[in-house]
Amino acid sequence: MKRIAVIALASILLVGIGRSTSAAQDGTPTILHANGCTVEPMPQDRIDELAALAAASPDAGLPTQAVALPDGTSITADVQAQLRETLIQISACSWANDLPRLLSLYSEHFIVSQFFAPETVPIVPAPERTPADAEPAPMPTDQQPMIFAAVLLPDGRIAALVSPNSWGSNRQIVWFVQQDGRWVVDQTTPAMESELGGTTGADIPTEAQPMVDLVLQDAAAQLGVDLASLTVIAVEAVDWPDSSLGCPEEGGVYAQVISPGYRITVTDGATTLEYHTGPDDIFVNCSQ
């Protein structure tokens, strides 16, 4: 396996563009730079040993069967912060193209069974991308993962439902294990459909589907989430008594005409929005 393929693998597993949980909470985006990869690198001699061990073992391949987040006990906010720091470092080290540091964020079991091909290959430290006195190349704004849930398992590992972006797409179940005093990634598996979000808890009339689609697009933009993370709770046909669609603004003047439409309620699991629709693809977010 070529070195560039290893870097690409890390990117496929956990790296995406999105807003971090903390950024979503306080409104302040975080920008990582190429030199934001600060974890201690794995020693070259240990990388060589693991590559040789992989060469002598069958290649396990990446897990492909989707699974649900297993049952376990709650973890503390401090531990979850440590898990998230590992994921952020993976993102930064992949962006920096620094393989020795990237490898230090995965368990040796994962490295042997997933990263390396059966044949031994030379691995060398990544070259400096910029001079020491130059401004580091910025990684795309808020390229950080989100942890939706995490539990401690009986075997001492932690399983977490993770997305590489703020809108919750491409969710995976990521297993962490402690190694050298740090939580590192031990396994990644696709998440089952039940973990992906985007469920529909309401019967949507065929004629209402176009308006539901418009409402979902607006709700995704309002909440800063992906369409797949939204759930349609209710779709109710309503004849609004005037053109305000049941959401009159103070001082507004509205035509006194019956306006047929729908009351559509959607949620991302944390915030619920109620939309009122009318003729000609008009809708109002009545939660504002």
# chains A, B, ... in the order shown; residues from 1 in each chain; ligands from 1

call {"tool": "select_by_dssp", "arguments": {"residues": "region 209-262 of chain A", "states": "alpha helix (DSSP H)", "output": "mmCIF file with all heavy atoms, in the first residue's frame"}}
result
data_model
loop_
_atom_site.group_PDB
_atom_site.id
_atom_site.type_symbol
_atom_site.label_atom_id
_atom_site.label_comp_id
_atom_site.auth_asym_id
_atom_site.auth_seq_id
_atom_site.Cartn_x
_atom_site.Cartn_y
_atom_site.Cartn_z
ATOM 1 N N GLN A 209 -45.917 16.576 -0.795
ATOM 2 C CA GLN A 209 -44.485 16.290 -0.830
ATOM 3 C C GLN A 209 -43.651 17.445 -1.370
ATOM 4 O O GLN A 209 -42.590 17.768 -0.796
ATOM 5 C CB GLN A 209 -44.212 15.030 -1.642
ATOM 6 C CG GLN A 209 -42.771 14.527 -1.562
ATOM 7 C CD GLN A 209 -42.383 14.097 -0.157
ATOM 8 O OE1 GLN A 209 -43.020 13.208 0.407
ATOM 9 N NE2 GLN A 209 -41.366 14.715 0.412
ATOM 10 N N PRO A 210 -44.058 18.128 -2.454
ATOM 11 C CA PRO A 210 -43.245 19.257 -2.923
ATOM 12 C C PRO A 210 -43.049 20.341 -1.865
ATOM 13 O O PRO A 210 -41.951 20.889 -1.723
ATOM 14 C CB PRO A 210 -44.034 19.788 -4.130
ATOM 15 C CG PRO A 210 -44.798 18.611 -4.626
ATOM 16 C CD PRO A 210 -45.192 17.863 -3.381
ATOM 17 N N MET A 211 -44.125 20.657 -1.104
ATOM 18 C CA MET A 211 -43.996 21.668 -0.056
ATOM 19 C C MET A 211 -43.141 21.162 1.097
ATOM 20 O O MET A 211 -42.363 21.916 1.688
ATOM 21 C CB MET A 211 -45.373 22.085 0.463
ATOM 22 C CG MET A 211 -46.174 22.926 -0.505
ATOM 23 S SD MET A 211 -45.285 24.391 -1.112
ATOM 24 C CE MET A 211 -44.850 25.230 0.400
ATOM 25 N N VAL A 212 -43.254 19.883 1.425
ATOM 26 C CA VAL A 212 -42.414 19.298 2.475
ATOM 27 C C VAL A 212 -40.944 19.399 2.083
ATOM 28 O O VAL A 212 -40.082 19.739 2.905
ATOM 29 C CB VAL A 212 -42.808 17.828 2.737
ATOM 30 C CG1 VAL A 212 -41.788 17.153 3.654
ATOM 31 C CG2 VAL A 212 -44.198 17.748 3.360
ATOM 32 N N ASP A 213 -40.657 19.151 0.812
ATOM 33 C CA ASP A 213 -39.270 19.249 0.344
ATOM 34 C C ASP A 213 -38.735 20.675 0.494
ATOM 35 O O ASP A 213 -37.597 20.880 0.931
ATOM 36 C CB ASP A 213 -39.181 18.805 -1.119
ATOM 37 C CG ASP A 213 -39.437 17.312 -1.296
ATOM 38 O OD1 ASP A 213 -39.339 16.576 -0.289
ATOM 39 O OD2 ASP A 213 -39.731 16.900 -2.431
ATOM 40 N N LEU A 214 -39.567 21.661 0.138
ATOM 41 C CA LEU A 214 -39.143 23.058 0.284
ATOM 42 C C LEU A 214 -38.917 23.416 1.750
ATOM 43 O O LEU A 214 -37.942 24.091 2.099
ATOM 44 C CB LEU A 214 -40.204 23.985 -0.325
ATOM 45 C CG LEU A 214 -40.329 23.971 -1.850
ATOM 46 C CD1 LEU A 214 -41.508 24.848 -2.287
ATOM 47 C CD2 LEU A 214 -39.051 24.463 -2.507
ATOM 48 N N VAL A 215 -39.820 22.955 2.606
ATOM 49 C CA VAL A 215 -39.709 23.236 4.035
ATOM 50 C C VAL A 215 -38.455 22.598 4.618
ATOM 51 O O VAL A 215 -37.729 23.214 5.405
ATOM 52 C CB VAL A 215 -40.970 22.742 4.765
ATOM 53 C CG1 VAL A 215 -40.723 22.631 6.266
ATOM 54 C CG2 VAL A 215 -42.144 23.684 4.492
ATOM 55 N N LEU A 216 -38.175 21.353 4.223
ATOM 56 C CA LEU A 216 -36.987 20.672 4.739
ATOM 57 C C LEU A 216 -35.713 21.399 4.317
ATOM 58 O O LEU A 216 -34.764 21.511 5.107
ATOM 59 C CB LEU A 216 -36.964 19.226 4.247
ATOM 60 C CG LEU A 216 -37.956 18.270 4.912
ATOM 61 C CD1 LEU A 216 -37.943 16.918 4.209
ATOM 62 C CD2 LEU A 216 -37.644 18.093 6.388
ATOM 63 N N GLN A 217 -35.666 21.885 3.093
ATOM 64 C CA GLN A 217 -34.488 22.624 2.654
ATOM 65 C C GLN A 217 -34.299 23.886 3.487
ATOM 66 O O GLN A 217 -33.171 24.222 3.889
ATOM 67 C CB GLN A 217 -34.630 22.983 1.173
ATOM 68 C CG GLN A 217 -34.566 21.786 0.243
ATOM 69 C CD GLN A 217 -34.777 22.176 -1.215
ATOM 70 O OE1 GLN A 217 -34.327 23.226 -1.653
ATOM 71 N NE2 GLN A 217 -35.477 21.343 -1.954
ATOM 72 N N ASP A 218 -35.399 24.593 3.774
ATOM 73 C CA ASP A 218 -35.291 25.798 4.583
ATOM 74 C C ASP A 218 -34.891 25.458 6.015
ATOM 75 O O ASP A 218 -34.046 26.134 6.611
ATOM 76 C CB ASP A 218 -36.621 26.553 4.588
ATOM 77 C CG ASP A 218 -36.517 27.895 5.313
ATOM 78 O OD1 ASP A 218 -35.996 28.853 4.712
ATOM 79 O OD2 ASP A 218 -36.944 27.968 6.489
ATOM 80 N N ALA A 219 -35.483 24.398 6.572
ATOM 81 C CA ALA A 219 -35.169 24.006 7.947
ATOM 82 C C ALA A 219 -33.704 23.603 8.072
ATOM 83 O O ALA A 219 -33.035 23.937 9.064
ATOM 84 C CB ALA A 219 -36.078 22.863 8.381
ATOM 85 N N ALA A 220 -33.180 22.887 7.082
ATOM 86 C CA ALA A 220 -31.770 22.485 7.116
ATOM 87 C C ALA A 220 -30.868 23.719 7.131
ATOM 88 O O ALA A 220 -29.876 23.773 7.869
ATOM 89 C CB ALA A 220 -31.454 21.603 5.923
ATOM 90 N N ALA A 221 -31.233 24.733 6.329
ATOM 91 C CA ALA A 221 -30.444 25.963 6.308
ATOM 92 C C ALA A 221 -30.573 26.726 7.619
ATOM 93 O O ALA A 221 -29.585 27.249 8.142
ATOM 94 C CB ALA A 221 -30.895 26.840 5.134
ATOM 95 N N GLN A 222 -31.783 26.781 8.168
ATOM 96 C CA GLN A 222 -32.004 27.501 9.424
ATOM 97 C C GLN A 222 -31.240 26.877 10.584
ATOM 98 O O GLN A 222 -30.672 27.577 11.426
ATOM 99 C CB GLN A 222 -33.507 27.535 9.757
ATOM 100 C CG GLN A 222 -34.358 28.337 8.799
ATOM 101 C CD GLN A 222 -34.128 29.832 8.923
ATOM 102 O OE1 GLN A 222 -33.728 30.328 9.972
ATOM 103 N NE2 GLN A 222 -34.368 30.564 7.854
ATOM 104 N N LEU A 223 -31.225 25.539 10.638
ATOM 105 C CA LEU A 223 -30.615 24.834 11.765
ATOM 106 C C LEU A 223 -29.148 24.500 11.524
ATOM 107 O O LEU A 223 -28.451 24.065 12.442
ATOM 108 C CB LEU A 223 -31.399 23.548 12.058
ATOM 109 C CG LEU A 223 -32.869 23.739 12.464
ATOM 110 C CD1 LEU A 223 -33.553 22.382 12.596
ATOM 111 C CD2 LEU A 223 -32.976 24.517 13.767
#

call {"tool": "residues_around", "arguments": {"residues": "His276 (chain A)", "least_positions_apart": "2", "cutoff": "10 Å", "atoms": "only C-alpha atoms", "output": "PyMOL selection string"}}
result
chain A and resi 211+215+235-238+240+244-247+261-265+274+278+282-287

call {"tool": "residues_around", "arguments": {"residues": "region 66-79 of chain A", "least_positions_apart": "2", "cutoff": "12 Å", "atoms": "only C-alpha atoms", "output": "MDAnalysis selection string"}}
result
chainID A and resid 62:64 81:86 147:162 170:178 182:183 188:196

call {"tool": "atom_distance", "arguments": {"atom1": "CA of Pro260 (chain A)", "atom2": "CA of Asp226 (chain A)"}}
result
28.9 Å

call {"tool": "atom_distance", "arguments": {"atom1": "CA of Asp239 (chain A)", "atom2": "CA of Ser259 (chain A)"}}
result
5.6 Å

call {"tool": "atom_distance", "arguments": {"atom1": "CA of Asp48 (chain A)", "atom2": "CA of Leu103 (chain A)"}}
result
11.8 Å

call {"tool": "closest_residue", "arguments": {"among": "A:Ser104, A:Ser243, A:Gln256, A:Gln288", "to": "Pro41 (chain A)", "atoms": "only C-alpha atoms"}}
result
A:Ser104

call {"tool": "closest_residue", "arguments": {"among": "A:Gln89, A:Ser113, A:Thr231, A:Thr38", "to": "Thr272 (chain A)", "atoms": "only C-alpha atoms"}}
result
A:Thr231

call {"tool": "decode", "arguments": {"residues": "region 44-59 of chain A", "atoms": "N, CA, C and O atoms", "output": "PDB file, in the first residue's frame"}}
result
ATOM      1  N   GLN A  44       9.612   5.914  13.999  1.00  0.00           N
ATOM      2  CA  GLN A  44       9.762   5.239  12.721  1.00  0.00           C
ATOM      3  C   GLN A  44      10.048   3.752  12.889  1.00  0.00           C
ATOM      4  O   GLN A  44       9.543   2.922  12.111  1.00  0.00           O
ATOM      5  N   ASP A  45      10.837   3.384  13.914  1.00  0.00           N
ATOM      6  CA  ASP A  45      11.134   1.967  14.076  1.00  0.00           C
ATOM      7  C   ASP A  45       9.885   1.170  14.426  1.00  0.00           C
ATOM      8  O   ASP A  45       9.729   0.019  14.016  1.00  0.00           O
ATOM      9  N   ARG A  46       8.938   1.787  15.173  1.00  0.00           N
ATOM     10  CA  ARG A  46       7.698   1.089  15.504  1.00  0.00           C
ATOM     11  C   ARG A  46       6.808   0.980  14.269  1.00  0.00           C
ATOM     12  O   ARG A  46       6.142  -0.041  14.075  1.00  0.00           O
ATOM     13  N   ILE A  47       6.803   2.002  13.430  1.00  0.00           N
ATOM     14  CA  ILE A  47       6.043   1.926  12.181  1.00  0.00           C
ATOM     15  C   ILE A  47       6.562   0.774  11.325  1.00  0.00           C
ATOM     16  O   ILE A  47       5.792  -0.010  10.772  1.00  0.00           O
ATOM     17  N   ASP A  48       7.895   0.646  11.255  1.00  0.00           N
ATOM     18  CA  ASP A  48       8.490  -0.442  10.479  1.00  0.00           C
ATOM     19  C   ASP A  48       8.101  -1.800  11.053  1.00  0.00           C
ATOM     20  O   ASP A  48       7.809  -2.747  10.313  1.00  0.00           O
ATOM     21  N   GLU A  49       8.082  -1.923  12.397  1.00  0.00           N
ATOM     22  CA  GLU A  49       7.715  -3.186  13.033  1.00  0.00           C
ATOM     23  C   GLU A  49       6.265  -3.554  12.720  1.00  0.00           C
ATOM     24  O   GLU A  49       5.953  -4.716  12.425  1.00  0.00           O
ATOM     25  N   LEU A  50       5.362  -2.571  12.777  1.00  0.00           N
ATOM     26  CA  LEU A  50       3.957  -2.840  12.496  1.00  0.00           C
ATOM     27  C   LEU A  50       3.737  -3.185  11.029  1.00  0.00           C
ATOM     28  O   LEU A  50       2.920  -4.042  10.698  1.00  0.00           O
ATOM     29  N   ALA A  51       4.483  -2.529  10.143  1.00  0.00           N
ATOM     30  CA  ALA A  51       4.382  -2.845   8.721  1.00  0.00           C
ATOM     31  C   ALA A  51       4.850  -4.275   8.456  1.00  0.00           C
ATOM     32  O   ALA A  51       4.236  -5.009   7.674  1.00  0.00           O
ATOM     33  N   ALA A  52       5.927  -4.687   9.133  1.00  0.00           N
ATOM     34  CA  ALA A  52       6.412  -6.049   8.972  1.00  0.00           C
ATOM     35  C   ALA A  52       5.417  -7.054   9.535  1.00  0.00           C
ATOM     36  O   ALA A  52       5.194  -8.128   8.958  1.00  0.00           O
ATOM     37  N   LEU A  53       4.798  -6.726  10.674  1.00  0.00           N
ATOM     38  CA  LEU A  53       3.799  -7.598  11.263  1.00  0.00           C
ATOM     39  C   LEU A  53       2.598  -7.734  10.342  1.00  0.00           C
ATOM     40  O   LEU A  53       2.048  -8.834  10.173  1.00  0.00           O
ATOM     41  N   ALA A  54       2.185  -6.651   9.712  1.00  0.00           N
ATOM     42  CA  ALA A  54       1.065  -6.704   8.779  1.00  0.00           C
ATOM     43  C   ALA A  54       1.405  -7.557   7.566  1.00  0.00           C
ATOM     44  O   ALA A  54       0.559  -8.281   7.039  1.00  0.00           O
ATOM     45  N   ALA A  55       2.665  -7.486   7.133  1.00  0.00           N
ATOM     46  CA  ALA A  55       3.077  -8.258   5.973  1.00  0.00           C
ATOM     47  C   ALA A  55       3.012  -9.753   6.236  1.00  0.00           C
ATOM     48  O   ALA A  55       2.806 -10.548   5.316  1.00  0.00           O
ATOM     49  N   ALA A  56       3.156 -10.140   7.499  1.00  0.00           N
ATOM     50  CA  ALA A  56       3.134 -11.555   7.858  1.00  0.00           C
ATOM     51  C   ALA A  56       1.733 -12.036   8.224  1.00  0.00           C
ATOM     52  O   ALA A  56       1.549 -13.196   8.561  1.00  0.00           O
ATOM     53  N   SER A  57       0.753 -11.138   8.154  1.00  0.00           N
ATOM     54  CA  SER A  57      -0.616 -11.484   8.554  1.00  0.00           C
ATOM     55  C   SER A  57      -1.563 -11.234   7.392  1.00  0.00           C
ATOM     56  O   SER A  57      -1.335 -10.347   6.569  1.00  0.00           O
ATOM     57  N   PRO A  58      -2.654 -11.997   7.327  1.00  0.00           N
ATOM     58  CA  PRO A  58      -3.654 -11.740   6.278  1.00  0.00           C
ATOM     59  C   PRO A  58      -4.254 -10.351   6.448  1.00  0.00           C
ATOM     60  O   PRO A  58      -4.429  -9.870   7.563  1.00  0.00           O
ATOM     61  N   ASP A  59      -4.550  -9.719   5.340  1.00  0.00           N
ATOM     62  CA  ASP A  59      -5.157  -8.386   5.384  1.00  0.00           C
ATOM     63  C   ASP A  59      -6.623  -8.524   5.766  1.00  0.00           C
ATOM     64  O   ASP A  59      -7.398  -9.163   5.068  1.00  0.00           O
TER      65      ASP A  59
END
